[in-house]
Amino acid sequence: GAVAERGALVFDKNCRICHQVQEKGALIGPQLDGIGNRGLERIVEDVLDPNRNVDASFHVSVLALTDGRVRAGIFRRRDGQALVFAGNDGKEFHVPEADVEAARKSPLSLMPDNLAESLPLEARYDLFAFLLSLRRDPP
């Protein structure tokens, strides 16, 4: 059967670069303490189809740069003349505002939608068990 402790290791390896649990991990995607309260069905949906329910503050910005490159990330803040975004590698990158030729918001999530498919089935079940165990008592 699925084991939450093994799922915690799967989470550490695959999810912590963007998600935080118990104050460990990065705050690029949503903070996940208490996600277990959503129930298994919603957790499975969020992991397998991350584009279905994306909070507007986590929508990806797609940037066309003056040098022809395209970058995508979640807008974090303005830093002087630069805009700071978070990429799907969990790292921030700076783009000089003057280098942005066009920008648009995408309704998509930064989370790769094939992330779960890349995990062995047992690891996936363990991950779901771990996420389901992250419950928060109502206030």
# chains A, B, ... in the order shown; residues from 1 in each chain; ligands from 1
>>> residues_around(residues="Leu121 of chain A", least_positions_apart="3", cutoff="12 Å", atoms="only C-alpha atoms", output="compact mmCIF listing (two decimals) with all heavy atoms, in the first residue's frame")
# COMPACT_ATOMS: atom_id res chain seq x y z
N GLY A 1 0.82 -1.21 0.00
CA GLY A 1 0.00 0.00 0.00
C GLY A 1 0.85 1.26 0.00
O GLY A 1 2.07 1.19 0.15
N ALA A 2 0.22 2.39 -0.15
CA ALA A 2 0.90 3.68 -0.18
C ALA A 2 1.39 4.04 1.22
O ALA A 2 0.71 3.79 2.21
CB ALA A 2 -0.04 4.76 -0.70
N GLY A 7 6.35 8.85 0.63
CA GLY A 7 5.83 9.97 -0.15
C GLY A 7 6.54 11.27 0.19
O GLY A 7 6.73 12.13 -0.68
N VAL A 10 9.58 11.40 -1.88
CA VAL A 10 9.22 11.72 -3.26
C VAL A 10 8.99 13.23 -3.38
O VAL A 10 9.45 13.88 -4.32
CB VAL A 10 7.94 10.94 -3.70
CG1 VAL A 10 7.50 11.37 -5.10
CG2 VAL A 10 8.20 9.44 -3.67
N ALA A 116 3.91 14.20 -12.70
CA ALA A 116 3.46 12.98 -12.03
C ALA A 116 3.67 11.75 -12.91
O ALA A 116 4.02 10.68 -12.42
CB ALA A 116 1.99 13.10 -11.63
N GLU A 117 3.47 11.93 -14.23
CA GLU A 117 3.64 10.79 -15.14
C GLU A 117 5.08 10.30 -15.16
O GLU A 117 5.34 9.15 -15.49
CB GLU A 117 3.22 11.18 -16.57
CG GLU A 117 1.73 11.40 -16.70
CD GLU A 117 1.38 12.24 -17.92
OE1 GLU A 117 2.13 12.21 -18.91
OE2 GLU A 117 0.36 12.95 -17.86
N SER A 118 6.02 11.19 -14.80
CA SER A 118 7.43 10.79 -14.80
C SER A 118 7.77 9.95 -13.57
O SER A 118 8.84 9.37 -13.50
CB SER A 118 8.33 12.02 -14.87
OG SER A 118 8.25 12.74 -13.65
N ARG A 124 4.02 7.68 -6.99
CA ARG A 124 2.87 8.57 -7.13
C ARG A 124 1.87 8.34 -5.99
O ARG A 124 1.39 9.28 -5.37
CB ARG A 124 2.18 8.29 -8.47
CG ARG A 124 1.76 9.53 -9.20
CD ARG A 124 1.12 9.18 -10.51
NE ARG A 124 2.04 8.56 -11.46
CZ ARG A 124 1.68 8.11 -12.65
NH1 ARG A 124 0.44 8.22 -13.06
NH2 ARG A 124 2.56 7.57 -13.46
N TYR A 125 1.57 7.06 -5.72
CA TYR A 125 0.64 6.74 -4.64
C TYR A 125 1.20 7.20 -3.29
O TYR A 125 0.47 7.71 -2.45
CB TYR A 125 0.35 5.23 -4.60
CG TYR A 125 -0.49 4.73 -5.77
CD1 TYR A 125 -0.32 3.45 -6.26
CD2 TYR A 125 -1.47 5.54 -6.35
CE1 TYR A 125 -1.09 2.98 -7.32
CE2 TYR A 125 -2.23 5.08 -7.42
CZ TYR A 125 -2.04 3.79 -7.89
OH TYR A 125 -2.81 3.35 -8.94
N ASP A 126 2.50 6.99 -3.09
CA ASP A 126 3.13 7.43 -1.84
C ASP A 126 3.03 8.94 -1.70
O ASP A 126 2.75 9.46 -0.62
CB ASP A 126 4.59 6.99 -1.80
CG ASP A 126 4.77 5.47 -1.66
OD1 ASP A 126 3.81 4.79 -1.26
OD2 ASP A 126 5.88 4.98 -1.94
N LEU A 127 3.25 9.66 -2.81
CA LEU A 127 3.16 11.12 -2.80
C LEU A 127 1.74 11.56 -2.42
O LEU A 127 1.56 12.45 -1.59
CB LEU A 127 3.55 11.70 -4.16
CG LEU A 127 3.41 13.22 -4.31
CD1 LEU A 127 4.34 13.95 -3.35
CD2 LEU A 127 3.70 13.64 -5.75
N PHE A 128 0.73 10.91 -3.01
CA PHE A 128 -0.66 11.25 -2.67
C PHE A 128 -0.92 10.99 -1.19
O PHE A 128 -1.59 11.79 -0.52
CB PHE A 128 -1.66 10.46 -3.53
CG PHE A 128 -1.60 10.79 -5.00
CD1 PHE A 128 -1.86 9.83 -5.96
CD2 PHE A 128 -1.30 12.08 -5.43
CE1 PHE A 128 -1.82 10.13 -7.31
CE2 PHE A 128 -1.26 12.40 -6.78
CZ PHE A 128 -1.51 11.41 -7.73
>>> residues_around(residues="Asp46 of chain A", least_positions_apart="6", cutoff="12 Å", atoms="only C-alpha atoms", output="PDB file with C-alpha atoms, in the first residue's frame")
ATOM      1  CA  GLY A  29       4.090  27.493  -6.108  1.00  0.00           C
ATOM      2  CA  PRO A  30       1.427  27.424  -3.389  1.00  0.00           C
ATOM      3  CA  LEU A  32       0.994  23.102   0.837  1.00  0.00           C
ATOM      4  CA  ILE A  35      -3.595  20.459   1.538  1.00  0.00           C
ATOM      5  CA  GLY A  36      -4.826  17.132   2.935  1.00  0.00           C
ATOM      6  CA  ARG A  38      -8.909  19.118   0.205  1.00  0.00           C
ATOM      7  CA  GLY A  39      -9.367  15.350   0.047  1.00  0.00           C
ATOM      8  CA  LEU A  40      -7.761  12.751  -2.178  1.00  0.00           C
ATOM      9  CA  ARG A  52      -7.106  22.920 -14.140  1.00  0.00           C
ATOM     10  CA  ASN A  53      -7.351  25.090 -10.990  1.00  0.00           C
ATOM     11  CA  VAL A  54      -4.603  27.725 -11.100  1.00  0.00           C
ATOM     12  CA  ASP A  55      -4.913  30.629  -8.671  1.00  0.00           C
ATOM     13  CA  SER A 109       0.564  26.683 -14.206  1.00  0.00           C
ATOM     14  CA  MET A 111       4.165  23.159 -12.779  1.00  0.00           C
ATOM     15  CA  PRO A 112       5.024  20.709 -15.560  1.00  0.00           C
ATOM     16  CA  ASP A 113       1.842  18.789 -16.364  1.00  0.00           C
ATOM     17  CA  ASN A 114       3.803  15.588 -16.981  1.00  0.00           C
ATOM     18  CA  LEU A 115       5.587  15.707 -13.606  1.00  0.00           C
ATOM     19  CA  ALA A 116       3.455  12.977 -12.031  1.00  0.00           C
ATOM     20  CA  PHE A 128      -0.662  11.255  -2.671  1.00  0.00           C
ATOM     21  CA  LEU A 131      -0.081  15.108   0.679  1.00  0.00           C
TER      22      LEU A 131
END
>>> atom_distance(atom1="atom CA of Gly34 of chain A", atom2="atom CA of Phe11 of chain A")
14.9 Å
>>> select_by_dssp(residues="chain A", states="strand (DSSP E)", output="ChimeraX atom specification")
/A:20-21,24-25,60-65,70-79,82-86,92-96,100-106
>>> write_last_selection(atoms="N, CA, C and O atoms", output="short mmCIF file (atom, residue, chain, number, x, y, z; two decimals), in the first residue's frame")
data_model
loop_
_atom_site.label_atom_id
_atom_site.label_comp_id
_atom_site.auth_asym_id
_atom_site.auth_seq_id
_atom_site.Cartn_x
_atom_site.Cartn_y
_atom_site.Cartn_z
N GLN A 20 6.46 24.60 -0.57
CA GLN A 20 6.91 24.53 0.82
C GLN A 20 5.91 23.76 1.66
O GLN A 20 4.70 23.89 1.50
N VAL A 21 6.45 22.92 2.55
CA VAL A 21 5.67 22.21 3.56
C VAL A 21 6.46 22.30 4.85
O VAL A 21 7.68 22.09 4.85
N LYS A 24 9.80 24.14 5.03
CA LYS A 24 10.94 23.72 4.22
C LYS A 24 10.52 23.69 2.76
O LYS A 24 9.45 23.18 2.43
N GLY A 25 11.36 24.23 1.89
CA GLY A 25 11.04 24.26 0.47
C GLY A 25 10.93 25.69 -0.01
O GLY A 25 11.13 26.64 0.75
N VAL A 60 1.36 32.09 -15.17
CA VAL A 60 2.68 32.29 -15.77
C VAL A 60 2.66 33.50 -16.70
O VAL A 60 1.73 33.69 -17.47
N SER A 61 3.71 34.30 -16.62
CA SER A 61 3.92 35.38 -17.58
C SER A 61 4.84 34.86 -18.67
O SER A 61 5.87 34.25 -18.38
N VAL A 62 4.44 35.06 -19.92
CA VAL A 62 5.28 34.68 -21.06
C VAL A 62 5.84 35.97 -21.65
O VAL A 62 5.09 36.88 -21.99
N LEU A 63 7.17 36.06 -21.71
CA LEU A 63 7.85 37.29 -22.13
C LEU A 63 8.56 37.11 -23.45
O LEU A 63 9.34 36.17 -23.60
N ALA A 64 8.30 37.99 -24.40
CA ALA A 64 9.07 38.02 -25.65
C ALA A 64 10.12 39.12 -25.45
O ALA A 64 9.78 40.27 -25.20
N LEU A 65 11.40 38.73 -25.53
CA LEU A 65 12.48 39.68 -25.28
C LEU A 65 13.01 40.27 -26.59
O LEU A 65 12.88 39.66 -27.65
N VAL A 70 12.39 33.85 -25.58
CA VAL A 70 11.12 33.83 -24.87
C VAL A 70 11.40 33.23 -23.49
O VAL A 70 12.05 32.19 -23.39
N ARG A 71 10.94 33.90 -22.45
CA ARG A 71 11.11 33.38 -21.09
C ARG A 71 9.73 33.27 -20.46
O ARG A 71 8.83 34.03 -20.80
N ALA A 72 9.58 32.36 -19.53
CA ALA A 72 8.30 32.20 -18.84
C ALA A 72 8.56 32.04 -17.35
O ALA A 72 9.53 31.39 -16.94
N GLY A 73 7.71 32.65 -16.55
CA GLY A 73 7.86 32.53 -15.10
C GLY A 73 6.72 33.25 -14.39
O GLY A 73 5.88 33.89 -15.01
N ILE A 74 6.71 33.10 -13.08
CA ILE A 74 5.72 33.77 -12.25
C ILE A 74 6.32 35.09 -11.78
O ILE A 74 7.42 35.11 -11.22
N PHE A 75 5.61 36.19 -12.02
CA PHE A 75 6.11 37.50 -11.60
C PHE A 75 6.21 37.54 -10.08
O PHE A 75 5.27 37.20 -9.38
N ARG A 76 7.38 37.97 -9.58
CA ARG A 76 7.59 38.05 -8.13
C ARG A 76 7.59 39.49 -7.65
O ARG A 76 6.94 39.85 -6.69
N ARG A 77 8.41 40.36 -8.31
CA ARG A 77 8.54 41.74 -7.84
C ARG A 77 9.32 42.56 -8.86
O ARG A 77 9.91 42.03 -9.79
N ARG A 78 9.30 43.87 -8.65
CA ARG A 78 10.09 44.80 -9.44
C ARG A 78 11.34 45.11 -8.62
O ARG A 78 11.26 45.30 -7.41
N ASP A 79 12.49 45.16 -9.28
CA ASP A 79 13.75 45.44 -8.58
C ASP A 79 14.47 46.51 -9.39
O ASP A 79 15.20 46.21 -10.34
N ALA A 82 14.54 46.33 -13.26
CA ALA A 82 14.38 44.92 -13.67
C ALA A 82 13.10 44.32 -13.08
O ALA A 82 12.63 44.75 -12.03
N LEU A 83 12.57 43.35 -13.78
CA LEU A 83 11.44 42.57 -13.29
C LEU A 83 12.00 41.22 -12.85
O LEU A 83 12.86 40.64 -13.51
N VAL A 84 11.49 40.71 -11.73
CA VAL A 84 11.99 39.44 -11.19
C VAL A 84 10.88 38.39 -11.31
O VAL A 84 9.74 38.63 -10.91
N PHE A 85 11.25 37.27 -11.91
CA PHE A 85 10.32 36.16 -12.11
C PHE A 85 10.90 34.89 -11.50
O PHE A 85 12.11 34.78 -11.32
N ALA A 86 10.03 33.94 -11.20
CA ALA A 86 10.46 32.62 -10.76
C ALA A 86 10.23 31.66 -11.91
O ALA A 86 9.15 31.62 -12.50
N GLU A 92 14.92 32.19 -9.27
CA GLU A 92 14.47 33.48 -9.77
C GLU A 92 15.38 33.95 -10.90
O GLU A 92 16.56 33.61 -10.93
N PHE A 93 14.80 34.72 -11.83
CA PHE A 93 15.62 35.35 -12.87
C PHE A 93 15.16 36.79 -13.04
O PHE A 93 13.99 37.10 -12.81
N HIS A 94 16.12 37.65 -13.40
CA HIS A 94 15.84 39.08 -13.60
C HIS A 94 15.79 39.38 -15.10
O HIS A 94 16.60 38.85 -15.85
N VAL A 95 14.85 40.23 -15.50
CA VAL A 95 14.76 40.67 -16.88
C VAL A 95 14.70 42.20 -16.85
O VAL A 95 13.79 42.75 -16.23
N PRO A 96 15.67 42.89 -17.49
CA PRO A 96 15.56 44.35 -17.56
C PRO A 96 14.25 44.71 -18.26
O PRO A 96 13.94 44.15 -19.31
N VAL A 100 11.94 43.77 -22.48
CA VAL A 100 10.67 43.07 -22.70
C VAL A 100 9.93 43.73 -23.85
O VAL A 100 9.50 44.87 -23.77
N GLU A 101 9.84 43.00 -24.95
CA GLU A 101 9.14 43.52 -26.13
C GLU A 101 7.64 43.32 -25.97
O GLU A 101 6.85 44.20 -26.31
N ALA A 102 7.24 42.16 -25.46
CA ALA A 102 5.83 41.87 -25.24
C ALA A 102 5.71 40.90 -24.07
O ALA A 102 6.62 40.10 -23.85
N ALA A 103 4.63 41.02 -23.34
CA ALA A 103 4.41 40.11 -22.21
C ALA A 103 2.92 39.77 -22.18
O ALA A 103 2.09 40.61 -22.47
N ARG A 104 2.62 38.51 -21.87
CA ARG A 104 1.22 38.16 -21.69
C ARG A 104 1.11 37.17 -20.55
O ARG A 104 2.03 36.41 -20.27
N LYS A 105 -0.03 37.21 -19.90
CA LYS A 105 -0.31 36.27 -18.81
C LYS A 105 -0.91 35.03 -19.44
O LYS A 105 -1.77 35.13 -20.31
N SER A 106 -0.46 33.90 -19.02
CA SER A 106 -1.01 32.63 -19.47
C SER A 106 -1.84 32.06 -18.34
O SER A 106 -1.47 32.21 -17.18
#
>>> select_by_dssp(residues="chain A", states="alpha helix (DSSP H)", output="MDAnalysis selection string")
chainID A and resid 4:14 40:48 121:133
>>> write_last_selection(atoms="C-alpha atoms", output="compact mmCIF listing (two decimals), in the first residue's frame")
# COMPACT_ATOMS: atom_id res chain seq x y z
CA ALA A 4 3.21 8.67 3.53
CA GLU A 5 6.81 8.50 4.84
CA ARG A 6 8.05 7.31 1.43
CA GLY A 7 5.83 9.97 -0.15
CA ALA A 8 7.66 12.64 1.87
CA LEU A 9 10.91 11.57 0.16
CA VAL A 10 9.22 11.72 -3.26
CA PHE A 11 8.01 15.24 -2.37
CA ASP A 12 11.51 16.30 -1.24
CA LYS A 13 13.02 15.13 -4.51
CA ASN A 14 10.38 16.36 -6.97
CA LEU A 40 -7.76 12.75 -2.18
CA GLU A 41 -9.77 13.49 -5.33
CA ARG A 42 -8.75 17.17 -5.44
CA ILE A 43 -5.11 16.37 -4.59
CA VAL A 44 -4.89 13.83 -7.42
CA GLU A 45 -6.46 16.38 -9.79
CA ASP A 46 -4.04 19.14 -8.69
CA VAL A 47 -1.01 16.89 -9.21
CA LEU A 48 -2.07 15.16 -12.45
CA LEU A 121 3.13 4.46 -9.99
CA GLU A 122 4.12 3.41 -6.45
CA ALA A 123 5.95 6.72 -5.90
CA ARG A 124 2.87 8.57 -7.13
CA TYR A 125 0.64 6.74 -4.64
CA ASP A 126 3.13 7.43 -1.84
CA LEU A 127 3.16 11.12 -2.80
CA PHE A 128 -0.66 11.25 -2.67
CA ALA A 129 -0.59 9.55 0.76
CA PHE A 130 1.92 12.14 2.01
CA LEU A 131 -0.08 15.11 0.68
CA LEU A 132 -3.28 13.66 2.14
CA SER A 133 -1.54 13.44 5.55
>>> atom_distance(atom1="atom CA of Asp89 of chain A", atom2="atom CA of Ala56 of chain A")
20.0 Å
